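J.: Okay, handing you the structure first.
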Amino acid sequence: MTTAPSPLPGLTARLLRLLGPGSVITDPVRLRTYECDGLTYHRATPAVVVLPETAEQVAAVVRECDAAGTPFVARGAGTGLSGGAVPRTDGVLIVMSRMRRILEIDIPNRRAVVEPGVTNLAITEAARPHGYYYAPDPSSQQVCSIGGNVAENSGGAHCLKYGFTVNHVLAVEMVTPQGEIVTLDAADPGYDLLGAFIGSEGTLGIATKITVRLSRAPESVTTLLAAFADVESGGTAVSAIIAAGIVPAAIEMMDALAIEAAEAAVRCGYPAGAGAVLIVELDGPAAEVAQQFARVRDLCLRSGAFETRTADDPAERAAIWRGRRSAFAAVGRISPAYLVQDGVVPRTALPEVLAGIEELSARFGIRVANVFHAGDGNLHPLVLFDDAEEGAGERAERVSGEILGLCVAYGGSITGEHGVGVDKAKHMPAMFGPDDLDTMQLVRCAFDPRNLSNPGKIFPTPRLCGEAPGFRKGVHPLVASGEADLF
């Protein structure tokens, strides 16, 4: 094993006494395992990694970091796609993967209590024998952890009908940036602190126990695959379905390049020659599903679908979904590297924005594969590039930024479910003015006045609590007086 002096020798020694050598990593080779999340474009090697097994251990680690003035970052399964779990080279990475117990499946109250390292799909598997499931379903649900879902307010294909993580979390036990264990409950009176915590990307503290809502499994589920000559025709079908008053459980679309990647990776067998495929899933009472399915299929055909397929058996439905759920990883078959974004636009703006993405692709000579939650306008453009080619990464970043600018220009958002992290922080001013950003910073400062909990994420420029916007020359008065530290 390679050894090297720890960048934080005193703190590391205290962490070793707290957790033991099996739960503290300082070996440079092993540290490299944790240098990035699912968005590999942003990397940093942590000074030290700890793997706590209890909330009390998490709190003890955070108290040590607070006493030392050392930044810390919480990490779940590492499947995030915005650089939200990128560590600090001068800080501690707190990995929650060992806290993976399902503590309670409470069917009478339709809830489950789990630790943050439990995978998203594991909750559904535990509830399924009772006729229930956990509705939010990121494409990485087999491996992504519920703690990370809470941090990013993760979505998924079926969030069109059922909502995002925030709609299914009832309470969170958390460790504050000062190392206290507190509980935030949706039933608490006063300000919605639980709502503020969900989606805060680890900047307000670390979740150590989560109570989630369980949903009753639907009586009937039917999945329709419709193939179109182009994305525009598929977009017309999406608008027609929603305009008809039908709210499917999911409406997903993939363009020709994304289909090519999925075929190369998992041989999903989508219709040959399709410029786009639309996956529409309907669930609910059997009679309602049958009626809606007939209407949806008719609207797809009227919009130009040249082939449709139907699946109501679980295995057949899984076969249809295989290509869509593998799309992000699949592009590795057709490109050495890629950046993924998740801008949001109004459904009615999909044709114009997709045309704009095509124009950007041609102008910069960068291929873009489009996979998206068509029902709620959540785009996932995959910007493909060769990282061995000089300047290609910079061009890909430029295209990604231009795509997010398009989304905002059409009344949308820079993120729908992946979070801001380090990747999109610089684009926050495109959506929010200085007063908005300062207000968000004040919320962060209320929880974490020392800016130690996942610093450098979400916000484009760090500020001291209470500092007015704008450039400042010289030492800040609060720093000079010893009342604040500058990181």
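Labeling convention for the structure tokens: chains A, B, ... as they appear, residues from 1 per chain, ligands from 1 in order of appearance.
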Which residues come within 10 Å of A:Glu232, counting only C-alpha atoms, excluding same-chain residues fewer than 6 positions away, as a short mmCIF file (atom, residue, chain, number, x, y, z; two decimals) with N, CA and C atoms, in the first residue's frame?
T.:
```cif
data_model
loop_
_atom_site.label_atom_id
_atom_site.label_comp_id
_atom_site.auth_asym_id
_atom_site.auth_seq_id
_atom_site.Cartn_x
_atom_site.Cartn_y
_atom_site.Cartn_z
N VAL A 238 -46.44 14.36 -27.79
CA VAL A 238 -46.42 14.70 -26.36
C VAL A 238 -47.42 15.81 -26.06
N GLY A 275 -36.14 8.14 -36.01
CA GLY A 275 -35.43 9.36 -35.65
C GLY A 275 -35.68 9.74 -34.21
N ALA A 276 -36.71 9.15 -33.64
CA ALA A 276 -37.04 9.36 -32.22
C ALA A 276 -37.98 8.26 -31.77
N SER A 303 -49.97 11.76 -34.93
CA SER A 303 -48.81 12.68 -34.93
C SER A 303 -47.67 12.17 -35.80
N GLY A 304 -47.83 10.99 -36.40
CA GLY A 304 -46.82 10.51 -37.33
C GLY A 304 -46.06 9.27 -36.92
N LEU A 350 -40.44 22.84 -26.61
CA LEU A 350 -39.53 21.74 -26.98
C LEU A 350 -39.05 21.81 -28.43
N PRO A 351 -39.91 22.01 -29.41
CA PRO A 351 -39.42 22.03 -30.80
C PRO A 351 -38.37 23.12 -31.03
N GLU A 352 -38.62 24.34 -30.52
CA GLU A 352 -37.68 25.44 -30.74
C GLU A 352 -36.34 25.18 -30.04
N LEU A 354 -35.04 22.24 -29.11
CA LEU A 354 -34.34 21.13 -29.76
C LEU A 354 -33.71 21.57 -31.07
N ALA A 355 -34.41 22.45 -31.81
CA ALA A 355 -33.83 22.99 -33.04
C ALA A 355 -32.60 23.84 -32.70
#
```
J.: For A:Gly20, please output as a ChimeraX atom specification all residues within 12 Å (counting only C-alpha atoms; exclusion window: fewer than 4 positions along the same chain).
T.: /A:12-16,24-25,50-53,57
J.: Under the rule that only C-alpha atoms are counted, which of A:Cys268, A:Ile246, A:Cys445, A:Val143 is the nearest residue to A:Ala327?
T.: A:Cys268
J.: Which of these residues is nearest to A:Gly323, using only C-alpha atoms: A:Ala207, A:Ala217, A:Ile146, A:Val266?
T.: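 Checking each of A:Ala207, A:Ala217, A:Ile146, A:Val266 against A:Gly323, counting only C-alpha atoms, the winner is A:Val266.
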J.: Rank nothing, just name the residue among A:Glu389, A:Glu56, A:Asp298, A:Glu359 nearest to A:Glu402, using only C-alpha atoms.
T.: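 Closest residue, counting only C-alpha atoms: A:Glu359.
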J.: Have a look at A:Gly199, A:Gly421, A:Gly365, A:Gly356 and name the one nearest to A:Leu404; count only C-alpha atoms.
T.: A:Gly356
J.: Please give the complete set of residues from stretch 249-399 of chain A that DSSP, run on the backbone, assigns to helix (DSSP H, G or I), formatted as JSON, numbers by chain.
T.: {"A": [256, 257, 258, 259, 260, 261, 262, 263, 264, 265, 266, 286, 287, 288, 289, 290, 291, 292, 293, 294, 295, 296, 297, 298, 299, 300, 301, 302, 314, 315, 316, 317, 318, 319, 320, 321, 322, 323, 324, 325, 327, 328, 329, 330, 331, 332, 333, 347, 348, 349, 350, 351, 352, 353, 354, 355, 356, 357, 358, 359, 360, 361, 362, 363, 364, 374, 375, 376, 392, 393, 394, 395, 396, 397, 398, 399]}
J.: Would you kindly return, as JSON, numbers by chain, each protein, DNA or RNA residue with an atom no farther than 7 Å from any atom of A:Leu39, considering only C-alpha atoms and excluding same-chain residues fewer than 6 positions away?
T.: {"A": [80, 81, 82, 83]}
J.: Quick one: residues within 10 Å of A:Gly131, only C-alpha atoms, excluding same-chain residues fewer than 6 positions away - as a PyMOL selection string?
T.: chain A and resi 107+124+214-219
J.: Kindly save the residues from that selection, with C-alpha atoms included, as a compact mmCIF listing (two decimals), in the first residue's frame.
T.:
```txt
# COMPACT_ATOMS: atom_id res chain seq x y z
CA ILE A 107 -47.47 -0.30 6.04
CA THR A 124 -39.42 -0.57 -3.45
CA LEU A 214 -44.82 4.62 0.24
CA SER A 215 -47.36 4.51 -2.59
CA ARG A 216 -49.87 1.80 -3.36
CA ALA A 217 -48.85 -0.29 -6.38
CA PRO A 218 -51.25 0.42 -9.29
CA GLU A 219 -53.75 -2.19 -10.39
```
J.: Closest to A:Thr70 among A:Gly10, A:Glu115, A:Ala135, A:Thr45, using only C-alpha atoms?
T.: A:Gly10
J.: Leaving out A:His380 and any residue of its chain fewer than 2 positions from it, which residues lie within 9 Å of it when counting only C-alpha atoms, given as an NGL selection string?
T.: :A and (340-344 or 369-373 or 378 or 382)
J.: Pick from A:Val61, A:Val92, A:Ala388, A:Val29: nearest to A:Pro46, with only C-alpha atoms counted?
T.: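 Of A:Val61, A:Val92, A:Ala388, A:Val29, the one nearest A:Pro46, counting only C-alpha atoms, is A:Val92.
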J.: Got a sec: who's within 12 Å of A:Gln292, counting only C-alpha atoms, leaving out chain neighbours fewer than 2 positions off, as a PDB file with all heavy atoms, in the first residue's frame?
T.:
```
ATOM      1  N   SER A 220     -53.031  -1.688 -12.647  1.00  0.00           N
ATOM      2  CA  SER A 220     -52.642  -2.022 -14.021  1.00  0.00           C
ATOM      3  C   SER A 220     -51.574  -1.053 -14.506  1.00  0.00           C
ATOM      4  O   SER A 220     -51.605   0.136 -14.179  1.00  0.00           O
ATOM      5  CB  SER A 220     -53.870  -1.939 -14.941  1.00  0.00           C
ATOM      6  OG  SER A 220     -53.521  -2.181 -16.290  1.00  0.00           O
ATOM      7  N   VAL A 221     -50.617  -1.587 -15.275  1.00  0.00           N
ATOM      8  CA  VAL A 221     -49.562  -0.764 -15.890  1.00  0.00           C
ATOM      9  C   VAL A 221     -49.392  -1.207 -17.335  1.00  0.00           C
ATOM     10  O   VAL A 221     -49.234  -2.391 -17.610  1.00  0.00           O
ATOM     11  CB  VAL A 221     -48.210  -0.903 -15.154  1.00  0.00           C
ATOM     12  CG1 VAL A 221     -47.164   0.012 -15.792  1.00  0.00           C
ATOM     13  CG2 VAL A 221     -48.353  -0.598 -13.678  1.00  0.00           C
ATOM     14  N   THR A 222     -49.427  -0.257 -18.250  1.00  0.00           N
ATOM     15  CA  THR A 222     -49.217  -0.553 -19.670  1.00  0.00           C
ATOM     16  C   THR A 222     -48.203   0.428 -20.242  1.00  0.00           C
ATOM     17  O   THR A 222     -48.274   1.628 -19.964  1.00  0.00           O
ATOM     18  CB  THR A 222     -50.529  -0.452 -20.464  1.00  0.00           C
ATOM     19  OG1 THR A 222     -51.453  -1.419 -19.983  1.00  0.00           O
ATOM     20  CG2 THR A 222     -50.285  -0.705 -21.951  1.00  0.00           C
ATOM     21  N   THR A 223     -47.273  -0.082 -21.017  1.00  0.00           N
ATOM     22  CA  THR A 223     -46.233   0.749 -21.626  1.00  0.00           C
ATOM     23  C   THR A 223     -46.357   0.717 -23.139  1.00  0.00           C
ATOM     24  O   THR A 223     -46.509  -0.358 -23.736  1.00  0.00           O
ATOM     25  CB  THR A 223     -44.834   0.259 -21.209  1.00  0.00           C
ATOM     26  OG1 THR A 223     -44.760   0.229 -19.788  1.00  0.00           O
ATOM     27  CG2 THR A 223     -43.753   1.175 -21.749  1.00  0.00           C
ATOM     28  N   LEU A 224     -46.299   1.883 -23.750  1.00  0.00           N
ATOM     29  CA  LEU A 224     -46.384   2.026 -25.199  1.00  0.00           C
ATOM     30  C   LEU A 224     -45.066   2.576 -25.721  1.00  0.00           C
ATOM     31  O   LEU A 224     -44.535   3.552 -25.185  1.00  0.00           O
ATOM     32  CB  LEU A 224     -47.517   2.986 -25.575  1.00  0.00           C
ATOM     33  CG  LEU A 224     -47.590   3.408 -27.052  1.00  0.00           C
ATOM     34  CD1 LEU A 224     -48.137   2.266 -27.902  1.00  0.00           C
ATOM     35  CD2 LEU A 224     -48.453   4.658 -27.232  1.00  0.00           C
ATOM     36  N   ILE A 241     -51.003  14.529 -26.221  1.00  0.00           N
ATOM     37  CA  ILE A 241     -51.388  13.689 -25.080  1.00  0.00           C
ATOM     38  C   ILE A 241     -51.745  14.539 -23.870  1.00  0.00           C
ATOM     39  O   ILE A 241     -52.780  14.348 -23.229  1.00  0.00           O
ATOM     40  CB  ILE A 241     -50.248  12.697 -24.748  1.00  0.00           C
ATOM     41  CG1 ILE A 241     -50.103  11.663 -25.872  1.00  0.00           C
ATOM     42  CG2 ILE A 241     -50.517  11.998 -23.418  1.00  0.00           C
ATOM     43  CD1 ILE A 241     -48.808  10.863 -25.788  1.00  0.00           C
ATOM     44  N   ILE A 242     -50.887  15.505 -23.560  1.00  0.00           N
ATOM     45  CA  ILE A 242     -51.143  16.367 -22.398  1.00  0.00           C
ATOM     46  C   ILE A 242     -52.381  17.229 -22.642  1.00  0.00           C
ATOM     47  O   ILE A 242     -53.204  17.437 -21.736  1.00  0.00           O
ATOM     48  CB  ILE A 242     -49.922  17.249 -22.087  1.00  0.00           C
ATOM     49  CG1 ILE A 242     -48.693  16.379 -21.789  1.00  0.00           C
ATOM     50  CG2 ILE A 242     -50.214  18.182 -20.934  1.00  0.00           C
ATOM     51  CD1 ILE A 242     -48.835  15.476 -20.578  1.00  0.00           C
ATOM     52  N   ALA A 244     -54.944  16.477 -24.239  1.00  0.00           N
ATOM     53  CA  ALA A 244     -56.136  15.640 -24.118  1.00  0.00           C
ATOM     54  C   ALA A 244     -56.529  15.392 -22.670  1.00  0.00           C
ATOM     55  O   ALA A 244     -57.512  14.707 -22.391  1.00  0.00           O
ATOM     56  CB  ALA A 244     -55.904  14.307 -24.828  1.00  0.00           C
ATOM     57  N   GLY A 245     -55.760  15.964 -21.716  1.00  0.00           N
ATOM     58  CA  GLY A 245     -56.077  15.807 -20.303  1.00  0.00           C
ATOM     59  C   GLY A 245     -55.564  14.513 -19.700  1.00  0.00           C
ATOM     60  O   GLY A 245     -55.959  14.137 -18.597  1.00  0.00           O
ATOM     61  N   ILE A 246     -54.681  13.831 -20.409  1.00  0.00           N
ATOM     62  CA  ILE A 246     -54.117  12.574 -19.922  1.00  0.00           C
ATOM     63  C   ILE A 246     -52.774  12.867 -19.254  1.00  0.00           C
ATOM     64  O   ILE A 246     -51.918  13.546 -19.834  1.00  0.00           O
ATOM     65  CB  ILE A 246     -53.929  11.572 -21.079  1.00  0.00           C
ATOM     66  CG1 ILE A 246     -55.273  11.259 -21.735  1.00  0.00           C
ATOM     67  CG2 ILE A 246     -53.261  10.293 -20.593  1.00  0.00           C
ATOM     68  CD1 ILE A 246     -55.161  10.485 -23.038  1.00  0.00           C
ATOM     69  N   VAL A 247     -52.587  12.375 -18.041  1.00  0.00           N
ATOM     70  CA  VAL A 247     -51.303  12.528 -17.350  1.00  0.00           C
ATOM     71  C   VAL A 247     -50.713  11.129 -17.146  1.00  0.00           C
ATOM     72  O   VAL A 247     -51.008  10.444 -16.169  1.00  0.00           O
ATOM     73  CB  VAL A 247     -51.460  13.239 -15.992  1.00  0.00           C
ATOM     74  CG1 VAL A 247     -50.095  13.419 -15.343  1.00  0.00           C
ATOM     75  CG2 VAL A 247     -52.144  14.590 -16.171  1.00  0.00           C
ATOM     76  N   PRO A 248     -49.881  10.682 -18.086  1.00  0.00           N
ATOM     77  CA  PRO A 248     -49.260   9.364 -17.940  1.00  0.00           C
ATOM     78  C   PRO A 248     -48.318   9.328 -16.738  1.00  0.00           C
ATOM     79  O   PRO A 248     -47.879  10.371 -16.237  1.00  0.00           O
ATOM     80  CB  PRO A 248     -48.488   9.188 -19.252  1.00  0.00           C
ATOM     81  CG  PRO A 248     -49.091  10.173 -20.200  1.00  0.00           C
ATOM     82  CD  PRO A 248     -49.509  11.331 -19.342  1.00  0.00           C
ATOM     83  N   ALA A 249     -47.988   8.130 -16.299  1.00  0.00           N
ATOM     84  CA  ALA A 249     -46.968   7.993 -15.258  1.00  0.00           C
ATOM     85  C   ALA A 249     -45.622   8.485 -15.778  1.00  0.00           C
ATOM     86  O   ALA A 249     -44.820   9.044 -15.032  1.00  0.00           O
ATOM     87  CB  ALA A 249     -46.861   6.540 -14.815  1.00  0.00           C
ATOM     88  N   VAL A 280     -44.360   5.841 -23.456  1.00  0.00           N
ATOM     89  CA  VAL A 280     -45.458   6.365 -22.645  1.00  0.00           C
ATOM     90  C   VAL A 280     -45.940   5.247 -21.736  1.00  0.00           C
ATOM     91  O   VAL A 280     -46.294   4.164 -22.222  1.00  0.00           O
ATOM     92  CB  VAL A 280     -46.631   6.866 -23.520  1.00  0.00           C
ATOM     93  CG1 VAL A 280     -47.710   7.489 -22.640  1.00  0.00           C
ATOM     94  CG2 VAL A 280     -46.147   7.863 -24.554  1.00  0.00           C
ATOM     95  N   GLU A 281     -45.917   5.499 -20.429  1.00  0.00           N
ATOM     96  CA  GLU A 281     -46.393   4.498 -19.487  1.00  0.00           C
ATOM     97  C   GLU A 281     -47.626   5.029 -18.762  1.00  0.00           C
ATOM     98  O   GLU A 281     -47.638   6.152 -18.252  1.00  0.00           O
ATOM     99  CB  GLU A 281     -45.304   4.140 -18.475  1.00  0.00           C
ATOM    100  CG  GLU A 281     -45.673   2.943 -17.600  1.00  0.00           C
ATOM    101  CD  GLU A 281     -44.461   2.189 -17.112  1.00  0.00           C
ATOM    102  OE1 GLU A 281     -43.906   1.382 -17.889  1.00  0.00           O
ATOM    103  OE2 GLU A 281     -44.048   2.425 -15.967  1.00  0.00           O
ATOM    104  N   LEU A 282     -48.665   4.191 -18.716  1.00  0.00           N
ATOM    105  CA  LEU A 282     -49.921   4.525 -18.066  1.00  0.00           C
ATOM    106  C   LEU A 282     -50.141   3.556 -16.919  1.00  0.00           C
ATOM    107  O   LEU A 282     -49.880   2.363 -17.049  1.00  0.00           O
ATOM    108  CB  LEU A 282     -51.081   4.419 -19.064  1.00  0.00           C
ATOM    109  CG  LEU A 282     -50.977   5.336 -20.293  1.00  0.00           C
ATOM    110  CD1 LEU A 282     -51.838   4.802 -21.422  1.00  0.00           C
ATOM    111  CD2 LEU A 282     -51.406   6.746 -19.937  1.00  0.00           C
ATOM    112  N   ASP A 283     -50.618   4.083 -15.792  1.00  0.00           N
ATOM    113  CA  ASP A 283     -50.923   3.185 -14.687  1.00  0.00           C
ATOM    114  C   ASP A 283     -52.164   3.678 -13.945  1.00  0.00           C
ATOM    115  O   ASP A 283     -52.592   4.822 -14.093  1.00  0.00           O
ATOM    116  CB  ASP A 283     -49.729   3.037 -13.741  1.00  0.00           C
ATOM    117  CG  ASP A 283     -49.380   4.320 -12.990  1.00  0.00           C
ATOM    118  OD1 ASP A 283     -50.133   5.306 -13.083  1.00  0.00           O
ATOM    119  OD2 ASP A 283     -48.343   4.336 -12.306  1.00  0.00           O
ATOM    120  N   GLY A 284     -52.768   2.765 -13.180  1.00  0.00           N
ATOM    121  CA  GLY A 284     -53.975   3.097 -12.436  1.00  0.00           C
ATOM    122  C   GLY A 284     -54.987   1.968 -12.515  1.00  0.00           C
ATOM    123  O   GLY A 284     -54.633   0.815 -12.812  1.00  0.00           O
ATOM    124  N   PRO A 285     -56.254   2.254 -12.288  1.00  0.00           N
ATOM    125  CA  PRO A 285     -57.297   1.235 -12.436  1.00  0.00           C
ATOM    126  C   PRO A 285     -57.314   0.674 -13.854  1.00  0.00           C
ATOM    127  O   PRO A 285     -57.105   1.412 -14.829  1.00  0.00           O
ATOM    128  CB  PRO A 285     -58.587   2.007 -12.130  1.00  0.00           C
ATOM    129  CG  PRO A 285     -58.152   3.173 -11.305  1.00  0.00           C
ATOM    130  CD  PRO A 285     -56.790   3.540 -11.808  1.00  0.00           C
ATOM    131  N   ALA A 286     -57.544  -0.625 -13.985  1.00  0.00           N
ATOM    132  CA  ALA A 286     -57.431  -1.302 -15.280  1.00  0.00           C
ATOM    133  C   ALA A 286     -58.316  -0.667 -16.340  1.00  0.00           C
ATOM    134  O   ALA A 286     -57.893  -0.476 -17.491  1.00  0.00           O
ATOM    135  CB  ALA A 286     -57.763  -2.781 -15.108  1.00  0.00           C
ATOM    136  N   ALA A 287     -59.566  -0.345 -15.993  1.00  0.00           N
ATOM    137  CA  ALA A 287     -60.485   0.222 -16.986  1.00  0.00           C
ATOM    138  C   ALA A 287     -59.990   1.580 -17.478  1.00  0.00           C
ATOM    139  O   ALA A 287     -60.060   1.892 -18.676  1.00  0.00           O
ATOM    140  CB  ALA A 287     -61.881   0.341 -16.381  1.00  0.00           C
ATOM    141  N   GLU A 288     -59.479   2.395 -16.556  1.00  0.00           N
ATOM    142  CA  GLU A 288     -58.974   3.717 -16.924  1.00  0.00           C
ATOM    143  C   GLU A 288     -57.742   3.593 -17.809  1.00  0.00           C
ATOM    144  O   GLU A 288     -57.614   4.311 -18.814  1.00  0.00           O
ATOM    145  CB  GLU A 288     -58.637   4.496 -15.661  1.00  0.00           C
ATOM    146  CG  GLU A 288     -58.065   5.882 -15.926  1.00  0.00           C
ATOM    147  CD  GLU A 288     -57.695   6.593 -14.634  1.00  0.00           C
ATOM    148  OE1 GLU A 288     -56.575   6.345 -14.126  1.00  0.00           O
ATOM    149  OE2 GLU A 288     -58.524   7.373 -14.140  1.00  0.00           O
ATOM    150  N   VAL A 289     -56.848   2.692 -17.466  1.00  0.00           N
ATOM    151  CA  VAL A 289     -55.633   2.499 -18.262  1.00  0.00           C
ATOM    152  C   VAL A 289     -55.976   2.042 -19.678  1.00  0.00           C
ATOM    153  O   VAL A 289     -55.405   2.535 -20.656  1.00  0.00           O
ATOM    154  CB  VAL A 289     -54.687   1.489 -17.577  1.00  0.00           C
ATOM    155  CG1 VAL A 289     -53.559   1.084 -18.516  1.00  0.00           C
ATOM    156  CG2 VAL A 289     -54.101   2.091 -16.301  1.00  0.00           C
ATOM    157  N   ALA A 290     -56.917   1.125 -19.801  1.00  0.00           N
ATOM    158  CA  ALA A 290     -57.312   0.627 -21.131  1.00  0.00           C
ATOM    159  C   ALA A 290     -57.872   1.755 -21.987  1.00  0.00           C
ATOM    160  O   ALA A 290     -57.553   1.885 -23.185  1.00  0.00           O
ATOM    161  CB  ALA A 290     -58.329  -0.494 -20.981  1.00  0.00           C
ATOM    162  N   ALA A 294     -55.831   3.472 -25.456  1.00  0.00           N
ATOM    163  CA  ALA A 294     -56.389   3.568 -26.812  1.00  0.00           C
ATOM    164  C   ALA A 294     -56.267   4.993 -27.332  1.00  0.00           C
ATOM    165  O   ALA A 294     -55.936   5.219 -28.508  1.00  0.00           O
ATOM    166  CB  ALA A 294     -57.839   3.100 -26.811  1.00  0.00           C
ATOM    167  N   ARG A 295     -56.542   5.960 -26.460  1.00  0.00           N
ATOM    168  CA  ARG A 295     -56.464   7.355 -26.865  1.00  0.00           C
ATOM    169  C   ARG A 295     -55.019   7.768 -27.134  1.00  0.00           C
ATOM    170  O   ARG A 295     -54.730   8.445 -28.133  1.00  0.00           O
ATOM    171  CB  ARG A 295     -57.057   8.222 -25.742  1.00  0.00           C
ATOM    172  CG  ARG A 295     -57.072   9.706 -26.040  1.00  0.00           C
ATOM    173  CD  ARG A 295     -58.073  10.046 -27.106  1.00  0.00           C
ATOM    174  NE  ARG A 295     -58.193  11.483 -27.269  1.00  0.00           N
ATOM    175  CZ  ARG A 295     -58.233  12.096 -28.435  1.00  0.00           C
ATOM    176  NH1 ARG A 295     -58.163  11.401 -29.565  1.00  0.00           N
ATOM    177  NH2 ARG A 295     -58.371  13.404 -28.512  1.00  0.00           N
ATOM    178  N   VAL A 296     -54.093   7.368 -26.302  1.00  0.00           N
ATOM    179  CA  VAL A 296     -52.683   7.730 -26.483  1.00  0.00           C
ATOM    180  C   VAL A 296     -52.131   7.128 -27.767  1.00  0.00           C
ATOM    181  O   VAL A 296     -51.434   7.809 -28.538  1.00  0.00           O
ATOM    182  CB  VAL A 296     -51.854   7.271 -25.267  1.00  0.00           C
ATOM    183  CG1 VAL A 296     -50.356   7.347 -25.570  1.00  0.00           C
ATOM    184  CG2 VAL A 296     -52.183   8.128 -24.049  1.00  0.00           C
ATOM    185  N   ARG A 297     -52.432   5.877 -28.013  1.00  0.00           N
ATOM    186  CA  ARG A 297     -51.946   5.241 -29.241  1.00  0.00           C
ATOM    187  C   ARG A 297     -52.481   5.965 -30.469  1.00  0.00           C
ATOM    188  O   ARG A 297     -51.747   6.206 -31.438  1.00  0.00           O
ATOM    189  CB  ARG A 297     -52.346   3.773 -29.271  1.00  0.00           C
ATOM    190  CG  ARG A 297     -51.802   3.003 -30.471  1.00  0.00           C
ATOM    191  CD  ARG A 297     -52.133   1.519 -30.372  1.00  0.00           C
ATOM    192  NE  ARG A 297     -51.562   0.794 -31.485  1.00  0.00           N
ATOM    193  CZ  ARG A 297     -52.161   0.671 -32.674  1.00  0.00           C
ATOM    194  NH1 ARG A 297     -53.347   1.235 -32.892  1.00  0.00           N
ATOM    195  NH2 ARG A 297     -51.574  -0.001 -33.658  1.00  0.00           N
ATOM    196  N   ASP A 298     -53.747   6.330 -30.430  1.00  0.00           N
ATOM    197  CA  ASP A 298     -54.349   7.047 -31.556  1.00  0.00           C
ATOM    198  C   ASP A 298     -53.664   8.402 -31.766  1.00  0.00           C
ATOM    199  O   ASP A 298     -53.377   8.793 -32.908  1.00  0.00           O
ATOM    200  CB  ASP A 298     -55.848   7.235 -31.301  1.00  0.00           C
ATOM    201  CG  ASP A 298     -56.528   8.001 -32.436  1.00  0.00           C
ATOM    202  OD1 ASP A 298     -56.541   7.489 -33.570  1.00  0.00           O
ATOM    203  OD2 ASP A 298     -57.038   9.118 -32.171  1.00  0.00           O
ATOM    204  N   LEU A 299     -53.379   9.119 -30.690  1.00  0.00           N
ATOM    205  CA  LEU A 299     -52.723  10.422 -30.806  1.00  0.00           C
ATOM    206  C   LEU A 299     -51.307  10.282 -31.350  1.00  0.00           C
ATOM    207  O   LEU A 299     -50.845  11.128 -32.129  1.00  0.00           O
ATOM    208  CB  LEU A 299     -52.697  11.108 -29.437  1.00  0.00           C
ATOM    209  CG  LEU A 299     -54.054  11.597 -28.907  1.00  0.00           C
ATOM    210  CD1 LEU A 299     -53.934  12.031 -27.451  1.00  0.00           C
ATOM    211  CD2 LEU A 299     -54.586  12.734 -29.771  1.00  0.00           C
TER     212      LEU A 299
END
```
J.: In Å, rounded to a single decimal, give me how far atom CA of A:Ser140 is from atom CA of A:Thr79.
T.: 7.3 Å
J.: Can you check which residues of stretch 170-356 of chain A DSSP gives as strand (DSSP E or B) on the backbone and send them as a PyMOL selection string?
T.: chain A and resi 170-175+181-185+206-213+215-216+220-228+250-255+276-284+307-311+337-340+342+344
J.: Which residues come within 9 Å of A:Val231, counting only C-alpha atoms, excluding same-chain residues fewer than 2 positions away, as a PyMOL selection string?
T.: chain A and resi 228-229+233-236+253-256+275-277+351+354
J.: Those same residues, written as a CSV table (one decimal), in the first residue's frame with N, CA and C atoms?
T.:
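For reference, selection.csv as written:
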```csv
chain,number,residue,atom,x,y,z
A,228,PHE,N,-41.0,7.4,-34.3
A,228,PHE,CA,-41.3,8.5,-35.2
A,228,PHE,C,-40.1,8.8,-36.1
A,229,ALA,N,-40.4,9.4,-37.2
A,229,ALA,CA,-39.3,9.8,-38.2
A,229,ALA,C,-38.3,10.8,-37.6
A,233,SER,N,-42.0,15.3,-34.6
A,233,SER,CA,-43.2,14.5,-34.6
A,233,SER,C,-43.5,13.9,-33.2
A,234,GLY,N,-42.5,13.4,-32.6
A,234,GLY,CA,-42.7,12.9,-31.2
A,234,GLY,C,-43.1,14.0,-30.3
A,235,GLY,N,-42.5,15.2,-30.4
A,235,GLY,CA,-42.9,16.4,-29.6
A,235,GLY,C,-44.4,16.7,-29.8
A,236,THR,N,-44.8,16.6,-31.1
A,236,THR,CA,-46.2,16.9,-31.3
A,236,THR,C,-47.1,15.9,-30.6
A,253,MET,N,-38.5,10.4,-24.2
A,253,MET,CA,-38.1,10.5,-25.6
A,253,MET,C,-36.6,10.3,-25.7
A,254,MET,N,-36.2,9.7,-26.8
A,254,MET,CA,-34.8,9.6,-27.2
A,254,MET,C,-34.7,9.9,-28.7
A,255,ASP,N,-33.6,10.6,-29.1
A,255,ASP,CA,-33.4,10.9,-30.5
A,255,ASP,C,-32.5,9.9,-31.1
A,256,ALA,N,-32.3,10.0,-32.4
A,256,ALA,CA,-31.6,9.0,-33.2
A,256,ALA,C,-30.2,8.6,-32.6
A,275,GLY,N,-36.1,8.1,-36.0
A,275,GLY,CA,-35.4,9.4,-35.7
A,275,GLY,C,-35.7,9.7,-34.2
A,276,ALA,N,-36.7,9.1,-33.6
A,276,ALA,CA,-37.0,9.4,-32.2
A,276,ALA,C,-38.0,8.3,-31.8
A,277,VAL,N,-37.9,7.9,-30.5
A,277,VAL,CA,-38.8,7.0,-29.9
A,277,VAL,C,-39.4,7.6,-28.7
A,351,PRO,N,-39.9,22.0,-29.4
A,351,PRO,CA,-39.4,22.0,-30.8
A,351,PRO,C,-38.4,23.1,-31.0
A,354,LEU,N,-35.0,22.2,-29.1
A,354,LEU,CA,-34.3,21.1,-29.8
A,354,LEU,C,-33.7,21.6,-31.1
```
J.: Please compute the atom CA of A:Ile320-atom CA of A:Ser154 distance, one decimal, in Å.
T.: 22.6 Å
